[in-house]
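A.B. asks: Have a peek at my_file27.txt (compact mmCIF, C-alpha atoms and all ligand atoms).
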# COMPACT_ATOMS: atom_id res chain seq x y z
CA MET W 162 4.86 -22.15 36.59
CA GLY W 163 3.46 -18.61 36.47
CA ILE W 164 3.08 -15.71 34.05
CA VAL W 165 6.82 -14.92 34.18
CA GLU W 166 7.84 -18.45 33.19
CA SER W 167 5.22 -18.44 30.43
CA LEU W 168 6.51 -15.14 29.05
CA ARG W 169 10.12 -16.30 29.23
CA GLN W 170 9.26 -19.18 26.89
CA ILE W 171 8.00 -16.85 24.13
CA PRO W 172 10.72 -15.87 21.65
CA ASP W 173 11.54 -12.31 20.57
CA ILE W 174 9.42 -10.35 23.02
CA ASN W 175 12.16 -8.39 24.86
CA PHE W 176 10.71 -9.24 28.25
CA THR W 177 11.65 -6.90 31.13
CA GLU W 178 10.49 -6.65 34.73
CA ASP W 179 9.92 -3.51 36.79
CA VAL W 180 10.19 -0.99 33.96
CA ASN W 181 9.97 2.77 34.26
CA LEU W 182 6.74 3.13 32.27
CA GLY W 183 6.19 6.86 32.72
CA TYR W 184 9.52 7.41 31.02
CA ARG W 185 8.20 5.54 27.95
CA THR W 186 5.29 7.93 27.45
CA SER W 187 5.41 11.39 25.91
CA PHE W 188 4.42 12.97 29.27
CA GLY W 189 7.46 11.33 30.87
CA VAL W 190 5.74 11.11 34.25
CA GLY W 191 4.32 8.25 36.31
CA GLY W 192 5.49 5.03 37.85
CA ARG W 193 6.72 1.61 36.87
CA ALA W 194 5.16 -1.38 35.13
CA LYS W 195 5.47 -4.82 36.68
CA TYR W 196 6.22 -6.53 33.33
CA TYR W 197 6.92 -5.09 29.89
CA VAL W 198 7.27 -6.76 26.50
CA SER W 199 7.76 -5.42 22.98
CA PRO W 200 7.15 -8.43 20.68
CA GLU W 201 8.85 -8.56 17.29
CA SER W 202 6.12 -10.53 15.51
CA VAL W 203 2.35 -10.67 15.58
CA TYR W 204 2.65 -14.33 16.49
CA SER W 205 4.73 -13.62 19.61
CA LEU W 206 2.40 -10.78 20.55
CA MET W 207 -0.55 -13.17 20.39
CA GLN W 208 1.38 -15.58 22.58
CA CYS W 209 1.82 -12.81 25.17
CA ILE W 210 -1.91 -12.07 25.16
CA ASN W 211 -2.63 -15.80 25.47
CA ALA W 212 -0.23 -16.10 28.42
CA ALA W 213 -1.79 -13.13 30.20
CA THR W 214 -5.30 -14.41 29.53
CA SER W 215 -4.62 -17.94 30.70
CA TRP W 216 -3.00 -16.68 33.94
CA GLU W 217 -5.85 -14.14 34.33
CA PHE W 218 -3.16 -11.47 34.53
CA LYS W 219 -4.13 -7.95 33.55
CA TYR W 220 -2.44 -6.45 30.53
CA LYS W 221 -2.51 -3.30 28.45
CA ILE W 222 -1.46 -2.76 24.84
CA ILE W 223 0.38 0.45 24.15
CA GLY W 224 1.69 2.03 20.98
CA ASN W 225 3.96 5.03 21.41
CA GLY W 226 2.47 6.14 24.74
CA THR W 227 1.52 9.59 23.43
CA ASN W 228 -2.03 9.63 24.77
CA ILE W 229 -1.51 8.05 28.18
CA LEU W 230 -1.00 9.45 31.67
CA VAL W 231 0.56 6.75 33.85
CA SER W 232 -0.21 6.90 37.58
CA ASP W 233 2.66 7.58 39.99
CA LYS W 234 1.73 4.21 41.52
CA GLY W 235 2.55 2.58 38.19
CA TYR W 236 0.79 -0.33 36.53
CA ASP W 237 0.66 -3.64 38.33
CA GLY W 238 0.27 -5.73 35.18
CA LEU W 239 1.83 -6.56 31.82
CA ILE W 240 2.46 -3.84 29.22
CA ILE W 241 2.56 -5.07 25.63
CA CYS W 242 4.15 -2.44 23.41
CA THR W 243 3.68 -2.66 19.62
CA LYS W 244 6.60 -0.46 18.56
CA ASN W 245 8.52 -3.40 17.01
CA LEU W 246 5.62 -4.27 14.68
CA ASN W 247 6.78 -1.57 12.35
CA SER W 248 6.19 -2.18 8.64
CA VAL W 249 4.35 -0.48 5.79
CA PHE W 250 4.14 -1.65 2.18
CA LEU W 251 2.20 -1.35 -1.07
CA ASP W 252 0.22 -4.31 -2.36
CA LYS W 253 -1.85 -4.09 -5.55
CA GLY W 254 -2.46 -0.38 -5.08
CA GLU W 255 -3.39 -0.69 -1.41
CA ILE W 256 -1.19 0.48 1.45
CA ILE W 257 -0.90 -1.97 4.30
CA SER W 258 0.57 -0.98 7.64
CA LEU W 259 1.30 -2.97 10.78
CA CYS W 260 0.03 -1.42 14.02
CA GLY W 261 3.41 -0.30 15.37
CA THR W 262 4.46 1.80 12.36
CA PRO W 263 5.08 5.43 13.38
CA ILE W 264 2.51 7.73 11.76
CA THR W 265 5.15 9.99 10.26
CA ARG W 266 6.82 7.02 8.53
CA PHE W 267 3.37 5.99 7.29
CA VAL W 268 2.59 9.49 5.94
CA ASN W 269 5.95 9.65 4.16
CA PHE W 270 5.30 6.23 2.63
CA VAL W 271 1.86 7.30 1.35
CA SER W 272 3.28 10.39 -0.26
CA GLY W 273 6.37 8.53 -1.57
CA SER W 274 4.01 6.11 -3.33
CA GLY W 275 2.52 9.01 -5.30
CA ARG W 276 -0.68 9.08 -3.27
CA THR W 277 -2.44 11.76 -1.25
CA GLY W 278 -4.76 12.05 1.74
CA ALA W 279 -2.59 11.57 4.84
CA GLU W 280 -0.55 14.80 4.79
CA GLY W 281 -2.26 16.43 7.79
CA LEU W 282 -1.34 13.51 10.05
CA CYS W 283 2.34 14.31 9.66
CA GLY W 284 3.90 15.02 13.07
CA ILE W 285 1.35 13.14 15.19
CA PRO W 286 3.80 11.10 17.30
CA ALA W 287 1.54 8.02 17.36
CA THR W 288 1.72 4.50 16.00
CA VAL W 289 -0.77 3.53 13.30
CA GLY W 290 -2.58 1.21 15.76
CA GLY W 291 -2.85 3.89 18.45
CA ALA W 292 -4.03 6.41 15.86
CA ILE W 293 -6.76 4.06 14.61
CA TYR W 294 -7.88 3.30 18.16
CA GLN W 295 -8.27 7.03 18.79
CA ASN W 296 -9.20 7.98 15.21
CA ALA W 297 -6.45 10.56 15.50
CA GLY W 298 -6.51 13.53 13.21
CA ALA W 299 -5.40 17.06 12.57
CA PHE W 300 -6.00 19.94 10.16
CA GLY W 301 -9.19 18.32 8.80
CA TYR W 302 -7.56 14.93 8.15
CA THR W 303 -8.21 11.77 10.18
CA VAL W 304 -6.46 8.42 10.02
CA SER W 305 -9.76 6.75 9.12
CA ASP W 306 -10.36 8.84 5.96
CA PHE W 307 -8.92 6.27 3.56
CA ILE W 308 -9.06 3.11 5.64
CA TYR W 309 -10.49 0.18 3.73
CA GLU W 310 -10.21 -2.55 6.34
CA VAL W 311 -8.74 -3.15 9.83
CA THR W 312 -7.47 -6.55 10.91
CA CYS W 313 -7.76 -7.18 14.63
CA ILE W 314 -7.66 -9.98 17.14
CA LYS W 315 -10.08 -10.90 19.88
CA ASP W 316 -9.99 -14.05 22.00
CA GLY W 317 -7.26 -15.48 19.74
CA LYS W 318 -9.41 -15.08 16.61
CA THR W 319 -8.68 -12.79 13.66
CA ILE W 320 -11.46 -10.39 12.70
CA LYS W 321 -11.52 -8.16 9.64
CA ARG W 322 -13.58 -5.01 9.94
CA ARG W 323 -14.46 -2.91 6.90
CA LYS W 324 -14.34 0.82 7.57
CA ASN W 325 -18.09 1.17 8.11
CA ALA W 326 -17.90 -1.45 10.88
CA CYS W 327 -15.19 0.44 12.78
CA GLY W 328 -17.51 3.02 14.40
CA PHE W 329 -15.24 5.94 13.54
CA GLY W 330 -16.25 9.36 14.86
CA TYR W 331 -14.49 12.33 16.38
CA ARG W 332 -11.63 10.67 18.37
CA LYS W 333 -13.82 7.57 18.49
CA SER W 334 -13.67 4.02 17.23
CA VAL W 335 -15.30 0.72 18.06
CA PHE W 336 -11.92 -0.52 19.36
CA GLN W 337 -12.29 1.65 22.48
CA ASP W 338 -15.09 -0.67 23.63
CA SER W 339 -14.54 -3.93 21.78
CA GLY W 340 -11.38 -5.14 23.53
CA GLU W 341 -9.91 -6.00 20.12
CA PHE W 342 -6.23 -5.64 19.39
CA ILE W 343 -5.52 -3.85 16.08
CA VAL W 344 -2.90 -5.80 14.13
CA SER W 345 -2.83 -3.98 10.79
CA ALA W 346 -4.86 -1.83 8.44
CA LYS W 347 -5.36 -1.59 4.72
CA PHE W 348 -5.77 1.84 3.11
CA ARG W 349 -6.92 2.97 -0.35
CA PHE W 350 -5.48 6.40 -0.99
CA PRO W 351 -6.16 8.22 -4.26
CA LYS W 352 -3.26 8.88 -6.66
CA ARG W 353 -1.82 12.38 -6.48
CA LYS W 354 -2.12 14.53 -9.61
CA LYS W 355 0.57 17.07 -8.75
CA ALA W 356 3.30 17.52 -6.15
CA ILE W 357 2.13 18.96 -2.80
CA LYS W 358 4.44 20.71 -0.36
CA ASN W 359 3.60 19.34 3.09
CA THR W 360 3.63 22.31 5.47
CA PHE W 361 1.69 20.61 8.26
CA PHE W 362 4.79 19.88 10.32
CA GLU W 363 5.69 23.59 10.38
CA ARG W 364 2.07 24.59 11.11
CA ARG W 365 2.11 22.21 14.09
CA ASN W 366 5.32 23.77 15.43
CA VAL W 367 3.86 27.27 15.20
CA SER W 368 0.66 26.47 17.10
CA GLN W 369 1.73 23.80 19.63
CA PRO W 370 4.25 23.73 22.46
CA SER W 371 7.29 21.47 22.48
CA GLY W 372 8.23 19.55 25.62
CA ARG W 373 6.55 16.75 27.51
CA THR W 374 2.84 16.69 26.62
CA CYS W 375 0.11 14.31 25.43
CA GLY W 376 -1.08 16.63 22.66
CA SER W 377 -4.61 17.92 23.31
CA VAL W 378 -5.70 17.04 26.84
CA PHE W 379 -9.44 17.44 26.15
CA THR W 380 -11.65 16.74 23.16
CA ASN W 381 -13.42 19.77 21.75
CA PRO W 382 -17.02 20.12 22.93
CA PRO W 383 -19.66 20.47 20.17
CA SER W 384 -19.27 23.76 18.25
CA ASP W 385 -16.45 25.04 20.45
CA TYR W 386 -12.79 24.54 21.28
CA ALA W 387 -11.47 23.24 24.59
CA GLY W 388 -8.43 25.54 24.22
CA ARG W 389 -10.64 28.61 23.80
CA LEU W 390 -12.69 27.77 26.91
CA ILE W 391 -9.58 27.09 29.03
CA GLU W 392 -7.97 30.33 27.89
CA SER W 393 -11.19 32.30 28.51
CA ALA W 394 -11.34 30.83 32.02
CA GLY W 395 -7.99 32.53 32.63
CA LEU W 396 -6.08 29.27 32.95
CA LYS W 397 -3.33 29.76 30.37
CA GLY W 398 -0.08 29.30 32.30
CA ALA W 399 -1.86 27.87 35.41
CA LYS W 400 0.32 25.45 37.39
CA VAL W 401 0.01 22.56 39.81
CA GLY W 402 3.44 21.41 40.99
CA GLY W 403 5.48 20.68 37.88
CA ALA W 404 2.50 20.66 35.47
CA GLN W 405 1.52 23.79 33.59
CA VAL W 406 -1.17 24.78 31.10
CA SER W 407 0.83 25.75 28.03
CA THR W 408 1.14 29.47 27.39
CA LYS W 409 1.20 28.69 23.65
CA HIS W 410 -1.92 26.50 23.41
CA ALA W 411 -4.28 26.20 26.38
CA ASN W 412 -5.44 22.66 25.53
CA PHE W 413 -1.91 21.38 26.19
CA ILE W 414 -0.36 20.60 29.57
CA VAL W 415 3.41 20.59 29.72
CA ALA W 416 5.13 18.46 32.38
CA SER W 417 8.45 19.74 33.68
CA GLU W 418 11.37 17.49 34.68
CA ASN W 419 10.20 17.37 38.31
CA ALA W 420 6.46 16.90 37.58
CA ALA W 421 4.52 14.00 39.04
CA ALA W 422 1.58 12.34 37.28
CA GLN W 423 -0.55 13.53 40.19
CA ASP W 424 0.31 17.16 39.35
CA VAL W 425 -1.01 16.64 35.80
CA TYR W 426 -4.09 14.85 37.12
CA LEU W 427 -4.91 17.61 39.63
CA LEU W 428 -4.40 20.29 37.00
CA ILE W 429 -6.76 18.46 34.63
CA ASN W 430 -9.40 18.39 37.37
CA GLU W 431 -8.88 22.04 38.22
CA ILE W 432 -9.38 22.94 34.54
CA LYS W 433 -12.56 20.85 34.31
CA GLN W 434 -14.02 22.46 37.42
CA LYS W 435 -13.16 26.04 36.44
CA VAL W 436 -14.48 25.64 32.87
CA TYR W 437 -17.68 24.11 34.23
CA ASP W 438 -18.11 26.89 36.80
CA GLU W 439 -17.52 29.63 34.19
CA PHE W 440 -19.29 28.22 31.15
CA GLY W 441 -21.34 25.21 32.26
CA VAL W 442 -19.37 23.01 29.84
CA ARG W 443 -18.09 19.63 30.98
CA LEU W 444 -14.76 19.02 29.27
CA LYS W 445 -13.94 15.40 28.52
CA GLU W 446 -10.40 14.02 28.61
CA GLU W 447 -8.86 12.92 25.31
CA VAL W 448 -5.88 11.63 27.31
CA GLU W 449 -6.31 8.22 28.91
CA TYR W 450 -5.40 7.35 32.51
CA LEU W 451 -3.43 4.19 33.16
CA GLY W 452 -3.21 2.86 36.72
CA GLU W 453 -4.83 4.18 39.88
CA PHE W 454 -5.40 7.91 40.43
C1 LIG J 1 3.08 16.32 20.77
C2 LIG J 1 1.80 15.56 20.52
C3 LIG J 1 0.95 15.93 19.49
C4 LIG J 1 -0.23 15.24 19.26
N1 LIG J 1 -1.04 15.64 18.24
C5 LIG J 1 -2.18 14.97 17.99
C6 LIG J 1 -3.03 15.37 16.90
O1 LIG J 1 -2.74 16.28 16.16
N2 LIG J 1 -4.18 14.67 16.71
C7 LIG J 1 -4.54 13.61 17.51
O2 LIG J 1 -5.60 13.01 17.28
N3 LIG J 1 -3.76 13.22 18.55
C8 LIG J 1 -2.59 13.87 18.80
N4 LIG J 1 -1.78 13.48 19.84
C9 LIG J 1 -2.24 12.40 20.75
C10 LIG J 1 -1.76 10.97 20.37
O3 LIG J 1 -0.63 11.00 19.53
C11 LIG J 1 -2.90 10.20 19.73
O4 LIG J 1 -3.99 10.04 20.62
C12 LIG J 1 -2.48 8.82 19.23
O5 LIG J 1 -3.58 8.24 18.59
C13 LIG J 1 -1.94 7.88 20.31
O6 LIG J 1 -1.22 6.85 19.66
P1 LIG J 1 -0.14 5.97 20.42
O7 LIG J 1 0.41 4.99 19.47
O8 LIG J 1 0.85 6.83 21.12
O9 LIG J 1 -1.09 5.24 21.48
P2 LIG J 1 -0.87 5.05 23.04
O10 LIG J 1 -0.84 6.40 23.70
O11 LIG J 1 0.26 4.15 23.30
O12 LIG J 1 -2.23 4.32 23.42
C14 LIG J 1 -3.45 5.03 23.38
C15 LIG J 1 -4.61 4.03 23.40
O13 LIG J 1 -4.58 3.26 22.19
C16 LIG J 1 -4.60 1.88 22.50
N5 LIG J 1 -3.84 1.16 21.48
C17 LIG J 1 -2.61 1.47 21.02
N6 LIG J 1 -2.24 0.58 20.05
C18 LIG J 1 -3.27 -0.28 19.93
C19 LIG J 1 -3.49 -1.43 19.10
N7 LIG J 1 -2.59 -1.86 18.19
N8 LIG J 1 -4.67 -2.09 19.23
C20 LIG J 1 -5.60 -1.69 20.13
N9 LIG J 1 -5.44 -0.62 20.93
C21 LIG J 1 -4.29 0.08 20.83
C22 LIG J 1 -3.97 1.77 23.87
O14 LIG J 1 -4.37 0.58 24.54
C23 LIG J 1 -4.51 3.02 24.54
O15 LIG J 1 -5.80 2.75 25.05
C24 LIG J 1 -0.58 14.14 20.10
C25 LIG J 1 0.28 13.75 21.13
C26 LIG J 1 1.46 14.45 21.34
C27 LIG J 1 2.39 14.00 22.45
Is it possible to express this structure as structure tokens?
Ligand SMILES: Cc1cc2nc3c(=O)[nH]c(=O)nc-3n(C[C@H](O)[C@H](O)[C@H](O)COP(=O)(O)OP(=O)(O)OC[C@H]3O[C@@H](n4cnc5c(N)ncnc54)[C@H](O)[C@@H]3O)c2cc1C

C.D. replies:
Amino acid sequence: MGIVESLRQIPDINFTEDVNLGYRTSFGVGGRAKYYVSPESVYSLMQCINAATSWEFKYKIIGNGTNILVSDKGYDGLIICTKNLNSVFLDKGEIISLCGTPITRFVNFVSGSGRTGAEGLCGIPATVGGAIYQNAGAFGYTVSDFIYEVTCIKDGKTIKRRKNACGFGYRKSVFQDSGEFIVSAKFRFPKRKKAIKNTFFERRNVSQPSGRTCGSVFTNPPSDYAGRLIESAGLKGAKVGGAQVSTKHANFIVASENAAAQDVYLLINEIKQKVYDEFGVRLKEEVEYLGEF
């Protein structure tokens, strides 16, 4: 008996071996994962975590893979993808979402329920769980604004964290350090008084490039913008192999069809060095590395 046999006994997890993982991220670069599951219930997901833990096999939870750069060497462990835990509903005036719900579906649900406060998140290609982990946001909105409570799991136990115990800050949450898996979240959005036309999707298209990216590569340093610094360092359009600093927004890197993850990685490091040399500012990655670089 080993991890594979244990996983095969768990129902509804869509178990696959040797999966092209890079292809399942928005960058579209990087290598393969040894094992990959996308459980269809929280129960089966917990069973996967239990199996990995009891075999001391490394695993990584992913949502929609929109903030991850996968190494060309791949990931020699188990990937647990939440995309099938996709559900959002209204209960006694509160909106409850499972972790795998796409943010745009969530935003449409909030507005369809006559409530307001999530409009600016429209177009972030994340899952609700990934967005909470990262405290994703745009145009002055963040996913944590109207969170009431997050339900998560650690060591097989369910924990409920009220908003003030979630450590939310700029692209920060306690979940980045706690090792907890976010299962669902409860939100209390205010009722909307009048109809609002959501123009955030269009605003996003005007300011950001299309193509294979991870959104912003770097977080903004205090009182400045990473994009402004990168552009001022003359790096707009700079290339390493198939990776290029976007000519539309300098805090984006676009990966071409023939790009390798290593190209993106080297370009990120070139940007960090040049911005530090020019302005003495150390840019910090918003994107997360998965696997060995
Ligand atoms: C075109 C584009 C535009 C973007 N625009 C924005 C933007 O405007 N604002 C912004 O903030 N970001 C933006 N992003 C970045 C990205 O969408 C966010 O960082 C998002 O929060 C990642 O969510 P995900 O579901 O894709 O997570 P993934 O990339 O799959 O995972 C990211 C991290 O979250 C963890 N995670 C995922 N789900 C869970 C869970 N249920 N429990 C515990 N940990 C979990 C993973 O382990 C990983 O560490 C953009 C990305 C792209 C490609």

A.B. asks: Could you give me, as a compact mmCIF listing (two decimals) with C-alpha atoms, in the coordinates of the input, the residues within 10 Å of Tyr197 of chain W, counting only C-alpha atoms and dropping anything in the same chain fewer than 2 positions from it?

C.D. replies:
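Listing of around_39.txt after writing:
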# COMPACT_ATOMS: atom_id res chain seq x y z
CA ILE W 174 9.42 -10.35 23.02
CA ASN W 175 12.16 -8.39 24.86
CA PHE W 176 10.71 -9.24 28.25
CA THR W 177 11.65 -6.90 31.13
CA GLU W 178 10.49 -6.65 34.73
CA ASP W 179 9.92 -3.51 36.79
CA VAL W 180 10.19 -0.99 33.96
CA ASN W 181 9.97 2.77 34.26
CA LEU W 182 6.74 3.13 32.27
CA ARG W 193 6.72 1.61 36.87
CA ALA W 194 5.16 -1.38 35.13
CA LYS W 195 5.47 -4.82 36.68
CA SER W 199 7.76 -5.42 22.98
CA PRO W 200 7.15 -8.43 20.68
CA TYR W 220 -2.44 -6.45 30.53
CA LYS W 221 -2.51 -3.30 28.45
CA GLY W 238 0.27 -5.73 35.18
CA LEU W 239 1.83 -6.56 31.82
CA ILE W 240 2.46 -3.84 29.22
CA ILE W 241 2.56 -5.07 25.63
CA CYS W 242 4.15 -2.44 23.41

A.B. asks: Just to confirm, what's the straight-line distance from atom O3 of ligand LIG 1 (chain J) to atom CA of Val436 of chain W in Å (one decimal)?

C.D. replies: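 Separation of atom O3 of ligand LIG 1 (chain J) and atom CA of Val436 of chain W: 24.2 Å.
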
A.B. asks: Could you pull the residues within 9 Å of segment 378-382 of chain W, counting all atoms listed in the file, minus those fewer than 3 positions along the same chain, as a PDB file with C-alpha atoms, in the frame of the given file?

C.D. replies:
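Okay, selection.pdb is ready:
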ATOM      1  CA  ASN W 228      -2.030   9.630  24.770  1.00  0.00           C
ATOM      2  CA  TYR W 331     -14.490  12.330  16.380  1.00  0.00           C
ATOM      3  CA  ARG W 332     -11.630  10.670  18.370  1.00  0.00           C
ATOM      4  CA  THR W 374       2.840  16.690  26.620  1.00  0.00           C
ATOM      5  CA  CYS W 375       0.110  14.310  25.430  1.00  0.00           C
ATOM      6  CA  ASP W 385     -16.450  25.040  20.450  1.00  0.00           C
ATOM      7  CA  TYR W 386     -12.790  24.540  21.280  1.00  0.00           C
ATOM      8  CA  ALA W 387     -11.470  23.240  24.590  1.00  0.00           C
ATOM      9  CA  GLY W 388      -8.430  25.540  24.220  1.00  0.00           C
ATOM     10  CA  ASN W 412      -5.440  22.660  25.530  1.00  0.00           C
ATOM     11  CA  PHE W 413      -1.910  21.380  26.190  1.00  0.00           C
ATOM     12  CA  ILE W 414      -0.360  20.600  29.570  1.00  0.00           C
ATOM     13  CA  ILE W 429      -6.760  18.460  34.630  1.00  0.00           C
ATOM     14  CA  VAL W 442     -19.370  23.010  29.840  1.00  0.00           C
ATOM     15  CA  ARG W 443     -18.090  19.630  30.980  1.00  0.00           C
ATOM     16  CA  LEU W 444     -14.760  19.020  29.270  1.00  0.00           C
ATOM     17  CA  LYS W 445     -13.940  15.400  28.520  1.00  0.00           C
ATOM     18  CA  GLU W 446     -10.400  14.020  28.610  1.00  0.00           C
ATOM     19  CA  GLU W 447      -8.860  12.920  25.310  1.00  0.00           C
ATOM     20  CA  VAL W 448      -5.880  11.630  27.310  1.00  0.00           C
TER      21      VAL W 448
END

A.B. asks: In terms of the shortest atom-to-atom distance over only C-alpha atoms, which of W:Phe342, W:Arg276, W:Gly403, W:Arg389 is closest to Gly317 of chain W?

C.D. replies: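 Checking each of W:Phe342, W:Arg276, W:Gly403, W:Arg389 against Gly317 of chain W, counting only C-alpha atoms, the winner is W:Phe342.
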
A.B. asks: Quick one: pull the distance between atom CA of Val425 of chain W and atom CA of Ala394 of chain W, Å, one decimal.

C.D. replies: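 Rounded to one decimal, the two atoms are 18.0 Å apart.
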
A.B. asks: Pick out the residues sitting within 12 Å of Val401 of chain W, and hand them over as a tab-separated table (two decimals) with C-alpha atoms, keeping the file's coordinate frame; count only C-alpha atoms, and ignore anything fewer than 3 positions along from it in its own chain.

C.D. replies:
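New file out.tsv:
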chain	number	residue	atom	x	y	z
W	396	LEU	CA	-6.08	29.27	32.95
W	398	GLY	CA	-0.08	29.30	32.30
W	404	ALA	CA	2.50	20.66	35.47
W	405	GLN	CA	1.52	23.79	33.59
W	406	VAL	CA	-1.17	24.78	31.10
W	414	ILE	CA	-0.36	20.60	29.57
W	415	VAL	CA	3.41	20.59	29.72
W	416	ALA	CA	5.13	18.46	32.38
W	417	SER	CA	8.45	19.74	33.68
W	419	ASN	CA	10.20	17.37	38.31
W	420	ALA	CA	6.46	16.90	37.58
W	421	ALA	CA	4.52	14.00	39.04
W	422	ALA	CA	1.58	12.34	37.28
W	423	GLN	CA	-0.55	13.53	40.19
W	424	ASP	CA	0.31	17.16	39.35
W	425	VAL	CA	-1.01	16.64	35.80
W	426	TYR	CA	-4.09	14.85	37.12
W	427	LEU	CA	-4.91	17.61	39.63
W	428	LEU	CA	-4.40	20.29	37.00
W	429	ILE	CA	-6.76	18.46	34.63
W	430	ASN	CA	-9.40	18.39	37.37
W	431	GLU	CA	-8.88	22.04	38.22
W	432	ILE	CA	-9.38	22.94	34.54

A.B. asks: For atom CA of Val268 of chain W and atom CA of Phe336 of chain W, determine how far apart the two atoms are, in Å to one decimal place.

C.D. replies: 22.2 Å

A.B. asks: Neighbouring residues of ligand LIG 1 (chain J) are defined here as those with any atom at most 7 Å from a ligand atom, counting all atoms listed in the file; list them as a PyMOL selection string.

C.D. replies: chain W and resi 187+221-229+243+260-261+282+285-299+332+336+341-344+371+374-377+449

A.B. asks: Point out the residue among W:Arg349, W:Lys321, W:Lys354, W:Lys333 with the least atom-to-atom distance to Gly275 of chain W, counting all atoms listed in the file.

C.D. replies: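 So, comparing all the options, the nearest one is W:Lys354.
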
A.B. asks: Extract, using all atoms listed in the file, all DNA, RNA and protein residues at most 9 Å from Asp233 of chain W, discarding same-chain residues fewer than 2 positions from it, and format them as a ChimeraX atom specification.

C.D. replies: /W:183,190-193,231,235-236,421-423,452-454

A.B. asks: Kindly indicate which residue among W:Phe348, W:Leu230, W:Lys244, W:Gly328 lies nearest to Phe270 of chain W, using all atoms listed in the file for the distances.

C.D. replies: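 Looking only at the distances to Phe270 of chain W, the closest residue turns out to be W:Phe348.
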
A.B. asks: As a count of residues only, please: the residues near Phe218 of chain W (cut-off 10 Å, all atoms listed in the file, same-chain neighbours under 4 positions excluded).

C.D. replies: 9

A.B. asks: Quick one: of W:Lys234, W:Asn245, W:Asp338, W:Arg185, who's nearest to Ser205 of chain W, counting only C-alpha atoms?

C.D. replies: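 Among the listed residues, the smallest separation from Ser205 of chain W belongs to W:Asn245.
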
A.B. asks: (2.9, 34.2, 23.7) in this file's frame - what residues fall within 12 Å of it? Use only C-alpha atoms and give the answer as a ChimeraX atom specification.

C.D. replies: /W:367-370,397-398,407-411

A.B. asks: Please determine the residues with any atom at most 8 Å from (-3.4, 9.1, 2.7) (coordinates as given in the file, with only C-alpha atoms counting) and report them as a ChimeraX atom specification.

C.D. replies: /W:268,271-272,276-280,304,306-307,348-351

A.B. asks: Would you put the residues from that selection into a file with C-alpha atoms, as a CSV table (one decimal), in the coordinates of the input?

C.D. replies:
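Below is the file out_12.csv, written as the result:
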chain,number,residue,atom,x,y,z
W,268,VAL,CA,2.6,9.5,5.9
W,271,VAL,CA,1.9,7.3,1.4
W,272,SER,CA,3.3,10.4,-0.3
W,276,ARG,CA,-0.7,9.1,-3.3
W,277,THR,CA,-2.4,11.8,-1.2
W,278,GLY,CA,-4.8,12.0,1.7
W,279,ALA,CA,-2.6,11.6,4.8
W,280,GLU,CA,-0.6,14.8,4.8
W,304,VAL,CA,-6.5,8.4,10.0
W,306,ASP,CA,-10.4,8.8,6.0
W,307,PHE,CA,-8.9,6.3,3.6
W,348,PHE,CA,-5.8,1.8,3.1
W,349,ARG,CA,-6.9,3.0,-0.4
W,350,PHE,CA,-5.5,6.4,-1.0
W,351,PRO,CA,-6.2,8.2,-4.3
